[in-house]
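K.L.:
Input structure10.tsv, format and content: TSV, C-alpha atoms and all ligand atoms.
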```tsv
chain	number	residue	atom	x	y	z
I	1	MET	CA	88.59	107.85	102.86
I	2	ILE	CA	86.12	105.06	103.55
I	3	ILE	CA	85.05	102.75	100.71
I	4	ASP	CA	81.37	102.15	101.38
I	5	GLY	CA	80.50	98.59	100.38
I	6	LYS	CA	76.86	98.96	101.36
I	7	TYR	CA	76.36	101.88	98.95
I	8	VAL	CA	78.02	99.99	96.07
I	9	ALA	CA	76.01	96.82	96.83
I	10	ASN	CA	72.70	98.73	96.86
I	11	ASN	CA	73.53	100.34	93.49
I	12	ILE	CA	74.37	96.94	92.01
I	13	LEU	CA	71.19	95.36	93.38
I	14	SER	CA	68.96	98.09	91.96
I	15	LYS	CA	70.61	97.79	88.50
I	16	LEU	CA	70.25	94.01	88.70
I	17	GLN	CA	66.58	94.26	89.61
I	18	LYS	CA	65.98	96.17	86.35
I	19	GLU	CA	67.87	93.53	84.30
I	20	ILE	CA	65.93	90.71	85.96
I	21	GLU	CA	62.64	92.42	85.10
I	22	LYS	CA	63.61	92.20	81.42
I	23	LEU	CA	64.04	88.39	81.51
I	24	SER	CA	61.31	86.17	80.07
I	25	ILE	CA	61.35	84.00	83.22
I	26	LYS	CA	61.86	84.60	86.94
I	27	PRO	CA	65.24	83.31	88.15
I	28	LYS	CA	65.21	80.85	91.02
I	29	LEU	CA	67.92	80.16	93.57
I	30	CYS	CA	67.92	77.04	95.74
I	31	VAL	CA	70.01	76.59	98.89
I	32	ILE	CA	70.55	73.19	100.50
I	33	LEU	CA	71.31	73.25	104.21
I	34	MET	CA	72.18	70.25	106.35
I	35	GLY	CA	71.25	70.73	109.98
I	36	GLU	CA	70.42	73.95	111.83
I	37	ASN	CA	73.73	75.80	112.25
I	38	PRO	CA	72.62	79.30	113.39
I	39	THR	CA	75.45	81.08	111.51
I	40	SER	CA	74.53	79.25	108.29
I	41	LEU	CA	70.86	80.08	108.86
I	42	SER	CA	71.69	83.79	109.29
I	43	TYR	CA	73.76	83.77	106.03
I	44	ILE	CA	70.83	82.05	104.30
I	45	LYS	CA	68.41	84.71	105.61
I	46	GLN	CA	70.63	87.41	104.04
I	47	LYS	CA	70.52	85.54	100.74
I	48	GLU	CA	66.75	85.20	100.91
I	49	ARG	CA	66.31	88.92	101.67
I	50	SER	CA	68.53	90.01	98.76
I	51	ALA	CA	66.80	87.58	96.41
I	52	LYS	CA	63.46	89.14	97.30
I	53	VAL	CA	64.82	92.66	96.68
I	54	VAL	CA	65.97	91.86	93.13
I	55	GLY	CA	63.06	89.59	92.14
I	56	ILE	CA	64.67	86.14	92.42
I	57	ASP	CA	62.59	83.24	93.72
I	58	PHE	CA	64.26	81.54	96.67
I	59	GLU	CA	63.91	78.05	98.05
I	60	LEU	CA	65.58	76.50	101.09
I	61	ARG	CA	65.84	72.71	101.21
I	62	GLN	CA	66.73	71.92	104.79
I	63	LEU	CA	67.89	68.38	105.48
I	64	SER	CA	68.59	66.46	108.64
I	65	ILE	CA	72.21	66.63	109.85
I	66	ASN	CA	72.25	62.82	109.51
I	67	THR	CA	71.41	62.75	105.79
I	68	THR	CA	73.79	60.43	103.94
I	69	GLU	CA	76.16	61.61	101.22
I	70	LYS	CA	74.32	59.39	98.74
I	71	ASP	CA	70.95	61.02	99.53
I	72	LEU	CA	72.47	64.50	99.34
I	73	ILE	CA	73.98	63.75	95.92
I	74	HIS	CA	70.63	62.33	94.80
I	75	LEU	CA	68.93	65.62	95.77
I	76	ILE	CA	71.61	67.67	93.97
I	77	HIS	CA	71.10	65.59	90.80
I	78	SER	CA	67.34	66.12	90.94
I	79	ILE	CA	67.86	69.90	91.27
I	80	ASN	CA	70.41	69.78	88.41
I	81	ASN	CA	67.59	68.32	86.27
I	82	ASP	CA	64.92	70.75	87.47
I	83	SER	CA	64.60	73.42	84.78
I	84	THR	CA	62.73	75.78	87.16
I	85	ILE	CA	65.84	76.13	89.38
I	86	HIS	CA	68.72	78.13	87.85
I	87	GLY	CA	71.17	78.50	90.73
I	88	LEU	CA	72.14	76.01	93.43
I	89	ILE	CA	74.21	76.38	96.59
I	90	VAL	CA	75.08	73.78	99.16
I	91	GLN	CA	75.65	75.78	102.34
I	92	LEU	CA	79.08	75.08	103.86
I	93	PRO	CA	80.42	73.82	106.19
I	94	LEU	CA	79.01	70.31	105.83
I	95	PRO	CA	79.08	67.72	108.64
I	96	ALA	CA	82.19	65.54	108.96
I	97	HIS	CA	80.62	62.39	107.41
I	98	ILE	CA	80.13	64.23	104.09
I	99	ASN	CA	82.90	64.67	101.50
I	100	THR	CA	82.59	68.38	100.66
I	101	HIS	CA	84.59	68.07	97.43
I	102	ALA	CA	82.32	65.28	96.11
I	103	ILE	CA	79.24	67.37	96.93
I	104	ILE	CA	80.52	70.47	95.16
I	105	GLU	CA	81.50	68.42	92.12
I	106	ALA	CA	77.95	66.97	91.94
I	107	ILE	CA	76.54	70.45	91.21
I	108	ASN	CA	75.94	71.23	87.54
I	109	PRO	CA	78.62	73.88	86.77
I	110	LYS	CA	75.98	75.92	84.91
I	111	LYS	CA	74.00	76.21	88.18
I	112	ASP	CA	77.09	76.59	90.40
I	113	VAL	CA	76.43	80.18	91.55
I	114	ASP	CA	79.12	79.90	94.25
I	115	GLY	CA	81.69	79.25	91.50
I	116	PHE	CA	83.26	76.40	93.51
I	117	THR	CA	83.20	73.49	90.99
I	118	SER	CA	86.52	72.57	89.38
I	119	GLU	CA	85.07	73.41	85.95
I	120	ASN	CA	84.34	76.99	87.01
I	121	ILE	CA	87.67	77.32	88.85
I	122	GLY	CA	89.46	76.04	85.72
I	123	LYS	CA	87.65	78.65	83.64
I	124	LEU	CA	88.68	81.31	86.14
I	125	PHE	CA	92.30	80.24	85.60
I	126	LEU	CA	91.81	80.62	81.83
I	127	GLY	CA	89.99	83.96	82.21
I	128	THR	CA	86.79	82.57	80.63
I	129	ALA	CA	84.58	82.05	83.71
I	130	ASN	CA	80.95	83.19	83.80
I	131	LEU	CA	80.29	82.06	87.37
I	132	ILE	CA	82.99	83.40	89.67
I	133	SER	CA	82.99	82.85	93.42
I	134	CYS	CA	81.33	85.72	95.25
I	135	THR	CA	83.95	87.15	97.62
I	136	PRO	CA	86.78	87.50	95.04
I	137	LYS	CA	84.28	88.79	92.47
I	138	TRP	CA	83.00	91.37	94.99
I	139	VAL	CA	86.52	92.68	95.69
I	140	ILE	CA	87.06	93.32	91.97
I	141	LYS	CA	83.62	94.95	91.65
I	142	LEU	CA	84.22	97.13	94.72
I	143	LEU	CA	87.54	98.38	93.27
I	144	GLN	CA	85.96	99.04	89.87
I	145	GLU	CA	82.87	100.79	91.25
I	146	SER	CA	85.10	102.89	93.54
I	147	HIS	CA	87.21	103.91	90.49
I	148	VAL	CA	90.39	102.34	91.86
I	149	PRO	CA	92.45	101.20	88.85
I	150	ILE	CA	93.84	97.64	88.85
I	151	TYR	CA	95.60	97.63	85.48
I	152	GLY	CA	99.35	98.24	85.90
I	153	LYS	CA	99.12	98.52	89.69
I	154	HIS	CA	101.01	96.53	92.33
I	155	ILE	CA	98.56	94.61	94.46
I	156	VAL	CA	99.49	92.63	97.57
I	157	VAL	CA	97.02	89.91	98.57
I	158	ILE	CA	97.48	88.57	102.10
I	159	GLY	CA	96.01	85.05	102.32
I	160	LYS	CA	96.13	82.23	99.76
I	161	SER	CA	93.03	80.15	100.52
I	162	ASN	CA	91.14	78.36	97.76
I	163	ILE	CA	88.01	80.45	98.36
I	164	VAL	CA	89.50	83.95	98.67
I	165	GLY	CA	93.24	84.55	98.19
I	166	LYS	CA	93.98	82.27	95.21
I	167	PRO	CA	90.95	83.06	93.02
I	168	LEU	CA	91.28	86.75	93.84
I	169	SER	CA	94.94	86.77	92.75
I	170	LEU	CA	93.97	85.20	89.41
I	171	LEU	CA	91.18	87.74	88.85
I	172	LEU	CA	93.53	90.63	89.64
I	173	MET	CA	96.10	89.26	87.17
I	174	ASN	CA	93.37	88.86	84.55
I	175	GLU	CA	92.58	92.57	85.10
I	176	GLY	CA	96.22	93.55	84.40
I	177	GLY	CA	97.43	93.91	87.99
I	178	THR	CA	100.89	92.87	89.19
I	179	VAL	CA	100.12	90.59	92.11
I	180	THR	CA	102.18	89.53	95.12
I	181	VAL	CA	100.61	86.88	97.34
I	182	CYS	CA	101.68	86.75	101.01
I	183	HIS	CA	100.63	84.12	103.54
I	184	LYS	CA	101.43	82.89	107.03
I	185	ASP	CA	104.89	81.65	106.00
I	186	THR	CA	105.89	84.89	104.26
I	187	GLN	CA	108.85	86.60	105.96
I	188	ASP	CA	108.56	90.39	106.45
I	189	ILE	CA	105.21	91.08	104.83
I	190	GLU	CA	105.88	94.82	105.10
I	191	VAL	CA	108.69	94.54	102.52
I	192	PHE	CA	105.88	93.89	100.00
I	193	THR	CA	103.04	95.97	101.45
I	194	LYS	CA	105.23	99.11	101.61
I	195	HIS	CA	105.42	99.12	97.80
I	196	ALA	CA	101.78	98.24	97.17
I	197	ASP	CA	99.20	100.46	95.48
I	198	ILE	CA	96.46	98.17	96.81
I	199	VAL	CA	96.54	95.76	99.78
I	200	ILE	CA	93.86	93.10	100.08
I	201	LEU	CA	93.60	91.40	103.45
I	202	ALA	CA	92.15	87.89	103.69
I	203	ALA	CA	94.01	86.27	106.58
I	204	GLY	CA	91.55	86.36	109.48
I	205	CYS	CA	94.17	88.04	111.76
I	206	PRO	CA	92.93	91.24	113.41
I	207	TRP	CA	95.37	94.22	113.37
I	208	LEU	CA	97.70	92.39	110.94
I	209	LEU	CA	98.17	95.47	108.73
I	210	LYS	CA	99.51	98.48	110.61
I	211	LYS	CA	100.17	102.09	109.60
I	212	ASN	CA	103.97	101.65	109.32
I	213	MET	CA	103.51	98.81	106.76
I	214	VAL	CA	102.00	100.87	103.91
I	215	ARG	CA	102.58	104.15	102.12
I	216	PRO	CA	100.13	107.09	102.21
I	217	GLY	CA	97.39	106.94	99.56
I	218	VAL	CA	97.24	103.15	99.50
I	219	THR	CA	93.89	101.41	98.92
I	220	ILE	CA	93.03	98.71	101.48
I	221	ILE	CA	90.28	96.14	101.00
I	222	ASP	CA	89.71	94.20	104.20
I	223	VAL	CA	88.05	90.80	103.70
I	224	GLY	CA	89.02	89.64	107.20
I	225	PHE	CA	86.16	88.83	109.56
I	226	THR	CA	86.91	87.78	113.14
I	227	VAL	CA	84.57	88.03	116.11
I	228	ILE	CA	86.22	88.89	119.44
I	229	ASP	CA	84.01	89.42	122.52
I	230	GLY	CA	80.98	89.88	120.26
I	231	LYS	CA	82.71	92.58	118.14
I	232	ILE	CA	83.62	92.07	114.47
I	233	HIS	CA	87.20	92.87	113.45
I	234	GLY	CA	88.90	92.99	110.07
I	235	ASP	CA	92.61	92.39	109.43
I	236	ALA	CA	93.57	96.08	109.30
I	237	ASP	CA	94.26	98.51	112.12
I	238	PHE	CA	91.38	100.60	110.77
I	239	GLU	CA	91.61	103.60	113.15
I	240	ALA	CA	95.31	104.14	112.41
I	241	LEU	CA	95.08	103.54	108.64
I	242	GLU	CA	91.84	105.36	107.76
I	243	PRO	CA	93.23	108.95	107.85
I	244	PHE	CA	95.73	108.37	105.05
I	245	SER	CA	94.30	105.57	102.93
I	246	SER	CA	91.14	104.50	101.09
I	247	ILE	CA	89.88	101.64	103.18
I	248	THR	CA	86.86	99.39	103.61
I	249	PRO	CA	85.35	99.25	107.11
I	250	VAL	CA	84.56	95.94	108.80
I	251	PRO	CA	81.65	95.44	108.83
I	252	GLY	CA	80.38	97.46	105.85
I	253	GLY	CA	82.96	96.79	103.14
I	254	VAL	CA	83.06	93.14	102.09
I	255	GLY	CA	81.21	90.73	104.46
I	256	PRO	CA	77.48	90.40	103.74
I	257	MET	CA	77.76	92.65	100.66
I	258	THR	CA	79.20	89.70	98.71
I	259	VAL	CA	75.62	88.44	98.56
I	260	ALA	CA	75.06	91.00	95.77
I	261	MET	CA	77.43	88.88	93.65
I	262	LEU	CA	75.42	85.78	94.43
I	263	MET	CA	72.35	87.50	93.02
I	264	GLU	CA	74.33	88.58	89.95
I	265	ASN	CA	75.55	84.98	89.50
I	266	THR	CA	71.97	83.68	89.74
I	267	TYR	CA	70.99	86.16	87.04
I	268	ILE	CA	73.94	84.98	84.90
I	269	ALA	CA	73.01	81.30	85.44
I	270	THR	CA	69.47	82.10	84.30
I	271	THR	CA	70.76	83.75	81.12
I	272	ILE	CA	72.96	80.65	80.53
I	273	TYR	CA	69.83	78.48	80.86
I	274	LEU	CA	67.84	80.73	78.50
I	275	SER	CA	70.54	80.67	75.84
I	276	SER	CA	70.73	76.84	76.09
I	277	LEU	CA	67.04	76.75	75.06
I	278	SER	CA	67.84	78.39	71.74
I	279	GLU	CA	70.80	76.08	70.94
T	1	LIG	P1	91.73	80.55	105.59
T	1	LIG	O1	91.95	80.32	107.05
T	1	LIG	O2	91.32	79.44	104.70
T	1	LIG	O3	93.05	81.19	104.99
T	1	LIG	C1	93.75	82.21	105.64
T	1	LIG	C2	94.95	82.58	104.83
T	1	LIG	O4	95.62	83.64	105.51
T	1	LIG	C3	95.95	81.43	104.66
T	1	LIG	O5	96.39	81.40	103.32
T	1	LIG	C4	97.10	81.80	105.60
T	1	LIG	O6	98.37	81.40	105.08
T	1	LIG	C5	96.99	83.31	105.67
T	1	LIG	N1	97.42	83.82	106.97
T	1	LIG	C6	97.00	83.40	108.18
T	1	LIG	N2	97.65	84.09	109.15
T	1	LIG	C7	98.48	84.95	108.53
T	1	LIG	C8	99.42	85.92	108.98
T	1	LIG	N3	99.63	86.16	110.28
T	1	LIG	N4	100.10	86.63	108.06
T	1	LIG	C9	99.89	86.41	106.73
T	1	LIG	N5	99.02	85.51	106.24
T	1	LIG	C10	98.33	84.79	107.14
T	1	LIG	O7	90.68	81.77	105.55
T	1	LIG	P2	89.71	82.27	104.37
T	1	LIG	O8	88.55	81.37	104.28
T	1	LIG	O9	90.47	82.61	103.13
T	1	LIG	O10	89.21	83.63	105.04
T	1	LIG	C11	90.12	84.67	105.35
T	1	LIG	C12	89.38	85.75	106.12
T	1	LIG	O11	88.35	86.27	105.28
T	1	LIG	C13	88.67	85.23	107.37
T	1	LIG	O12	88.69	86.24	108.34
T	1	LIG	C14	87.25	84.98	106.91
T	1	LIG	O13	86.30	85.09	107.95
T	1	LIG	C15	87.08	86.10	105.89
T	1	LIG	N6	86.12	85.77	104.83
T	1	LIG	C16	85.20	86.70	104.54
T	1	LIG	C17	84.28	86.45	103.54
T	1	LIG	C18	83.26	87.47	103.23
T	1	LIG	O14	83.41	88.56	103.66
T	1	LIG	N7	82.25	87.17	102.49
T	1	LIG	C19	84.31	85.27	102.82
T	1	LIG	C20	85.31	84.35	103.10
T	1	LIG	C21	86.21	84.63	104.11
```
Now that the file is in, can you turn its structure into structure tokens?
Ligand code: NAD
P.N.:
Amino acid sequence: MIIDGKYVANNILSKLQKEIEKLSIKPKLCVILMGENPTSLSYIKQKERSAKVVGIDFELRQLSINTTEKDLIHLIHSINNDSTIHGLIVQLPLPAHINTHAIIEAINPKKDVDGFTSENIGKLFLGTANLISCTPKWVIKLLQESHVPIYGKHIVVIGKSNIVGKPLSLLLMNEGGTVTVCHKDTQDIEVFTKHADIVILAAGCPWLLKKNMVRPGVTIIDVGFTVIDGKIHGDADFEALEPFSSITPVPGGVGPMTVAMLMENTYIATTIYLSSLSE
């Protein structure tokens, strides 16, 4: 069975559009981009399109690739203090002369719709986060909306990066899952995947998960995204696994659909702003 991320994302966006209509103000999302990286520009276009669909104002602040860290931080502070902007993203990757960590930490955590600041990551650890980073949040949403239970299940996450594997493992634990995290130094990954109810792939290694490594009926969420000869590949051997599992296709499962969570986070940031007005 194929888990259709596009269908779930469209449902979420249309529900969100109705919630946004009920707000007393129009949410606004701002993206800062340094330079003209075409991949970053295409991600930003997706964000702009989704924002338009749900009724979020969108602004791109494009800076020269040579902008100094000081000037970038100055811009972030001015957006932090701009009450008409509710969500802020600094598009990554940043050029080598910029300290990415310092830039992320300059963002007001209440506007941090990527969920990357240490305050929001700390809250994720405690299970109290409002603004959770989009890819891990999407995986949880996709499982929930596809009626795949997490509570009490054994979930194997392959990949332990700060942006996908680690936050995802915490979220799954917060939802009552029993989580095993595998990574590039794990010996015999199949020892773990063979006993899994759900396998989540976030390694960036095409054909990593093969049919003989899982049991029939397993759910597979493939976050992997690798381009080979112009074709996009996930981390699963999709053709071999699809007949006897529930699996997300690549593309069409995770990928660009995570942008739906960015819109939800912008909505949440706007409600945080509105409740601060009544404090
Ligand atoms: P990363 O390179 O930071 O981390 C990869 C992780 O996979 C590491 O923890 C590493 O130990 C593990 N790994 C690498 N090779 C492995 C192997 N052979 N066996 C087991 N584990 C292995 O990558 P990332 O940023 O976490 O992204 C992972 C994948 O997810 C990439 O393909 C990336 O393009 C994709 N991604 C997709 C989205 C999205 O869909 N929105 C977002 C982020 C990342």
K.L.:
Output the neighbourhood of ligand LIG 1 (chain T) as a count of residues only, that is, all protein and nucleic acid residues with some atom at most 10 Å from the ligand, counting all atoms listed in the file.
P.N.:
55
K.L.:
Restricting the calculation to all atoms listed in the file: of I:Thr266, I:Gln46, I:Thr67, I:Asn81, which residue gets closest to I:Ile132?
P.N.:
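Using all atoms listed in the file, I:Ile132 sits closest to I:Thr266.
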K.L.:
Out of I:Leu41, I:Gly55, I:Ser278, I:Ile140, which residue has the shortest atom-to-atom distance to I:Glu21 when counting only C-alpha atoms?
P.N.:
I:Gly55
K.L.:
May I have the protein, DNA and RNA residues with any atom at most 7 Å from the point (94.5, 98.7, 112.7), counting all atoms listed in the file, written as a list in words?
P.N.:
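So the residues meeting the distance criterion are Trp207, Leu209, Lys210, Ala236, Asp237, Phe238, Glu239, Ala240 and Leu241 of chain I.
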K.L.:
Between I:Gly176, I:Tyr273, I:Ser245, I:Arg215, which one has atoms that come closest to I:Asn80, using all atoms listed in the file?
P.N.:
I:Tyr273
